[in-house]
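Just below is one structure, and these are the notes that go with it.
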Amino acid sequence: MGVLADVSGKGMSAALLSSMVLGALSMEFRAGSRPQAVLNRVNRLLCEKSLPSQFVTLFVFLLGPDGTGQFINAGHNPAYLFRSATGKIEPLVSDAYVLGLFESASYQCAALHLCKGDILVVYSDGLTDAQNRQEEMFGEERLLEIIRQQAPSGSQILEQQFLKAIEEFTQGMPQTDDITFVIVEKCQ
């Protein structure tokens, strides 16, 4: 299982919200709950306990050893699935509301399958929103181009190239948001 979440806001209130979400997700998944049930309960909790302006975007995925699994994208950036057999990149787009805004929101899983050599890339908006000294954003096109060029060489090369490209692009500029990404490769 993997989860990448991004909470709204900054500072102490965002940290507290993040902590609450992490604790709730951890408790629910340890109890063996299905992902859609987990997100439905966590959403209701956030609607009850967080400030009206607070919300969470989240991408959660479960994968078995054979590469078969499922995902839910709750208002998060699209994840990208690089298909090694064809070189194509499939977006895994948001099909659900963000967590914490609509108590009646319902979350459903979508199927996911990775074949040998396929790479899943999940990232926070801090990566695509990273700015350089000219106040240009890194953007999704740069992200997709790096995936297109480097994913055929494997996840370790892709990770190194992400880090290198972000460092070169931002030119040491302090960023206002976290830059987070998760890369998963099906090796066998």
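Ordering of the structure tokens sets the chain letters (A, B, ...); residue numbers start at 1 within each chain; ligands are numbered from 1 in the order shown.
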(message) With DSSP run on the backbone, what are the strand (DSSP E) residues within chain A? I'd like them as a ChimeraX atom specification.
(response) /A:2-7,56-63,68-74,79-82,89-92,110-113,119-123,181-185
Could those residues be written to a file, using N, CA and C atoms, as a compact mmCIF listing (two decimals), in the first residue's frame?
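Okay, selection_23.txt is ready:
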```txt
# COMPACT_ATOMS: atom_id res chain seq x y z
N GLY A 2 0.44 2.24 -0.70
CA GLY A 2 1.12 3.51 -0.70
C GLY A 2 0.10 4.64 -0.63
N VAL A 3 0.49 5.71 0.02
CA VAL A 3 -0.38 6.88 0.15
C VAL A 3 0.48 8.12 -0.01
N LEU A 4 -0.02 9.06 -0.80
CA LEU A 4 0.58 10.39 -0.85
C LEU A 4 -0.57 11.37 -0.66
N ALA A 5 -0.49 12.14 0.41
CA ALA A 5 -1.54 13.11 0.73
C ALA A 5 -0.94 14.50 0.82
N ASP A 6 -1.77 15.49 0.56
CA ASP A 6 -1.34 16.88 0.64
C ASP A 6 -2.45 17.66 1.34
N VAL A 7 -2.12 18.27 2.46
CA VAL A 7 -3.12 19.02 3.23
C VAL A 7 -3.12 20.48 2.80
N VAL A 56 -7.98 17.80 2.24
CA VAL A 56 -6.82 16.95 1.94
C VAL A 56 -7.02 16.34 0.56
N THR A 57 -6.01 16.42 -0.28
CA THR A 57 -6.00 15.63 -1.50
C THR A 57 -5.18 14.39 -1.20
N LEU A 58 -5.51 13.29 -1.87
CA LEU A 58 -4.85 12.04 -1.51
C LEU A 58 -4.89 11.07 -2.68
N PHE A 59 -3.80 10.36 -2.86
CA PHE A 59 -3.73 9.25 -3.81
C PHE A 59 -3.30 8.04 -3.02
N VAL A 60 -4.15 7.00 -3.01
CA VAL A 60 -3.84 5.76 -2.29
C VAL A 60 -3.87 4.61 -3.29
N PHE A 61 -2.90 3.70 -3.14
CA PHE A 61 -2.89 2.53 -4.03
C PHE A 61 -2.47 1.29 -3.27
N LEU A 62 -3.01 0.17 -3.69
CA LEU A 62 -2.67 -1.14 -3.16
C LEU A 62 -2.21 -1.98 -4.34
N LEU A 63 -1.09 -2.66 -4.17
CA LEU A 63 -0.57 -3.52 -5.23
C LEU A 63 -0.18 -4.87 -4.65
N THR A 68 -1.17 -6.56 -9.64
CA THR A 68 -2.59 -6.24 -9.68
C THR A 68 -2.97 -5.47 -8.41
N GLY A 69 -3.80 -4.46 -8.59
CA GLY A 69 -4.20 -3.69 -7.42
C GLY A 69 -5.32 -2.73 -7.75
N GLN A 70 -5.40 -1.71 -6.92
CA GLN A 70 -6.44 -0.70 -7.07
C GLN A 70 -5.94 0.62 -6.53
N PHE A 71 -6.62 1.69 -6.93
CA PHE A 71 -6.25 3.02 -6.45
C PHE A 71 -7.49 3.88 -6.30
N ILE A 72 -7.34 4.92 -5.49
CA ILE A 72 -8.33 6.00 -5.39
C ILE A 72 -7.55 7.30 -5.46
N ASN A 73 -8.02 8.18 -6.33
CA ASN A 73 -7.45 9.52 -6.42
C ASN A 73 -8.51 10.49 -5.92
N ALA A 74 -8.30 10.99 -4.71
CA ALA A 74 -9.26 11.90 -4.08
C ALA A 74 -8.79 13.34 -4.27
N ALA A 79 -1.71 10.81 -11.08
CA ALA A 79 -0.51 9.99 -11.02
C ALA A 79 -0.25 9.55 -12.46
N TYR A 80 0.97 9.13 -12.74
CA TYR A 80 1.30 8.70 -14.09
C TYR A 80 1.84 7.28 -14.05
N LEU A 81 1.35 6.47 -14.99
CA LEU A 81 1.79 5.09 -15.11
C LEU A 81 2.51 4.93 -16.44
N PHE A 82 3.82 4.72 -16.37
CA PHE A 82 4.64 4.50 -17.56
C PHE A 82 4.57 3.03 -17.92
N ILE A 89 2.44 6.79 -21.49
CA ILE A 89 2.21 7.25 -20.12
C ILE A 89 0.70 7.42 -19.95
N GLU A 90 0.15 6.71 -18.95
CA GLU A 90 -1.28 6.78 -18.67
C GLU A 90 -1.51 7.64 -17.42
N PRO A 91 -2.37 8.66 -17.53
CA PRO A 91 -2.70 9.44 -16.33
C PRO A 91 -3.75 8.70 -15.50
N LEU A 92 -3.56 8.67 -14.19
CA LEU A 92 -4.55 8.13 -13.26
C LEU A 92 -5.17 9.34 -12.58
N ALA A 110 -10.52 2.18 -8.34
CA ALA A 110 -10.35 1.86 -9.75
C ALA A 110 -9.26 0.80 -9.85
N ALA A 111 -9.34 -0.02 -10.87
CA ALA A 111 -8.35 -1.09 -11.05
C ALA A 111 -7.01 -0.52 -11.49
N LEU A 112 -5.98 -1.22 -11.08
CA LEU A 112 -4.60 -0.83 -11.41
C LEU A 112 -3.83 -2.11 -11.66
N HIS A 113 -3.03 -2.14 -12.72
CA HIS A 113 -2.19 -3.31 -12.98
C HIS A 113 -0.86 -2.86 -13.56
N ILE A 119 6.23 1.63 -14.42
CA ILE A 119 6.58 2.54 -13.31
C ILE A 119 5.41 3.47 -13.01
N LEU A 120 5.05 3.52 -11.74
CA LEU A 120 4.01 4.41 -11.25
C LEU A 120 4.68 5.62 -10.60
N VAL A 121 4.24 6.82 -10.97
CA VAL A 121 4.78 8.06 -10.41
C VAL A 121 3.63 8.84 -9.76
N VAL A 122 3.74 9.06 -8.45
CA VAL A 122 2.77 9.83 -7.70
C VAL A 122 3.54 11.02 -7.10
N TYR A 123 2.97 12.21 -7.16
CA TYR A 123 3.71 13.40 -6.72
C TYR A 123 2.77 14.43 -6.10
N PHE A 181 7.52 12.98 -4.02
CA PHE A 181 7.10 12.04 -5.06
C PHE A 181 7.41 10.63 -4.61
N VAL A 182 6.61 9.70 -5.16
CA VAL A 182 6.78 8.28 -4.90
C VAL A 182 6.89 7.60 -6.26
N ILE A 183 7.88 6.74 -6.41
CA ILE A 183 8.08 6.00 -7.66
C ILE A 183 8.06 4.52 -7.32
N VAL A 184 7.21 3.77 -8.03
CA VAL A 184 7.09 2.32 -7.83
C VAL A 184 7.32 1.63 -9.15
N GLU A 185 8.24 0.67 -9.18
CA GLU A 185 8.51 -0.08 -10.40
C GLU A 185 8.20 -1.56 -10.17
```
(message) Which residues are close to region 178-180 of chain A, i.e. within 12 Å by only C-alpha atoms, leaving aside same-chain residues fewer than 6 positions away? Reply as a PyMOL selection string.
(response) chain A and resi 3-10+77+121-131+138+159+162-163+166-167+170
Selected residues written out with C-alpha atoms, as a PDB file, in the first residue's frame:
```pdb
ATOM      1  CA  VAL A   3      -0.375   6.881   0.150  1.00  0.00           C
ATOM      2  CA  LEU A   4       0.583  10.393  -0.848  1.00  0.00           C
ATOM      3  CA  ALA A   5      -1.543  13.109   0.731  1.00  0.00           C
ATOM      4  CA  ASP A   6      -1.341  16.880   0.640  1.00  0.00           C
ATOM      5  CA  VAL A   7      -3.125  19.016   3.226  1.00  0.00           C
ATOM      6  CA  SER A   8      -4.391  22.517   2.588  1.00  0.00           C
ATOM      7  CA  GLY A   9      -2.711  25.435   4.257  1.00  0.00           C
ATOM      8  CA  LYS A  10       0.580  25.890   6.035  1.00  0.00           C
ATOM      9  CA  ASN A  77      -2.772  15.496  -9.040  1.00  0.00           C
ATOM     10  CA  VAL A 121       4.779   8.059 -10.408  1.00  0.00           C
ATOM     11  CA  VAL A 122       2.767   9.833  -7.698  1.00  0.00           C
ATOM     12  CA  TYR A 123       3.707  13.401  -6.720  1.00  0.00           C
ATOM     13  CA  SER A 124       2.588  16.427  -4.751  1.00  0.00           C
ATOM     14  CA  ASP A 125       1.745  19.728  -6.410  1.00  0.00           C
ATOM     15  CA  GLY A 126       4.870  21.136  -4.772  1.00  0.00           C
ATOM     16  CA  LEU A 127       6.847  19.396  -7.516  1.00  0.00           C
ATOM     17  CA  THR A 128       4.954  20.881 -10.467  1.00  0.00           C
ATOM     18  CA  ASP A 129       4.512  24.250  -8.697  1.00  0.00           C
ATOM     19  CA  ALA A 130       8.237  24.564  -7.869  1.00  0.00           C
ATOM     20  CA  GLN A 131       9.516  27.903  -9.137  1.00  0.00           C
ATOM     21  CA  PHE A 138       8.347  23.393 -13.153  1.00  0.00           C
ATOM     22  CA  GLU A 159      14.396   9.282  -9.284  1.00  0.00           C
ATOM     23  CA  PHE A 162      13.762  14.114 -10.991  1.00  0.00           C
ATOM     24  CA  LEU A 163      16.015  15.318  -8.190  1.00  0.00           C
ATOM     25  CA  ILE A 166      14.265  20.068  -9.811  1.00  0.00           C
ATOM     26  CA  GLU A 167      17.561  21.256  -8.353  1.00  0.00           C
ATOM     27  CA  THR A 170      14.832  25.947  -8.992  1.00  0.00           C
TER      28      THR A 170
END
```
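Note that the spacing between CA of Val21 (chain A) and CA of Gln175 (chain A) amounts to 23.8 Å.
Atom to atom, CA of Leu99 (chain A) and CA of Phe55 (chain A) stand 5.6 Å apart.
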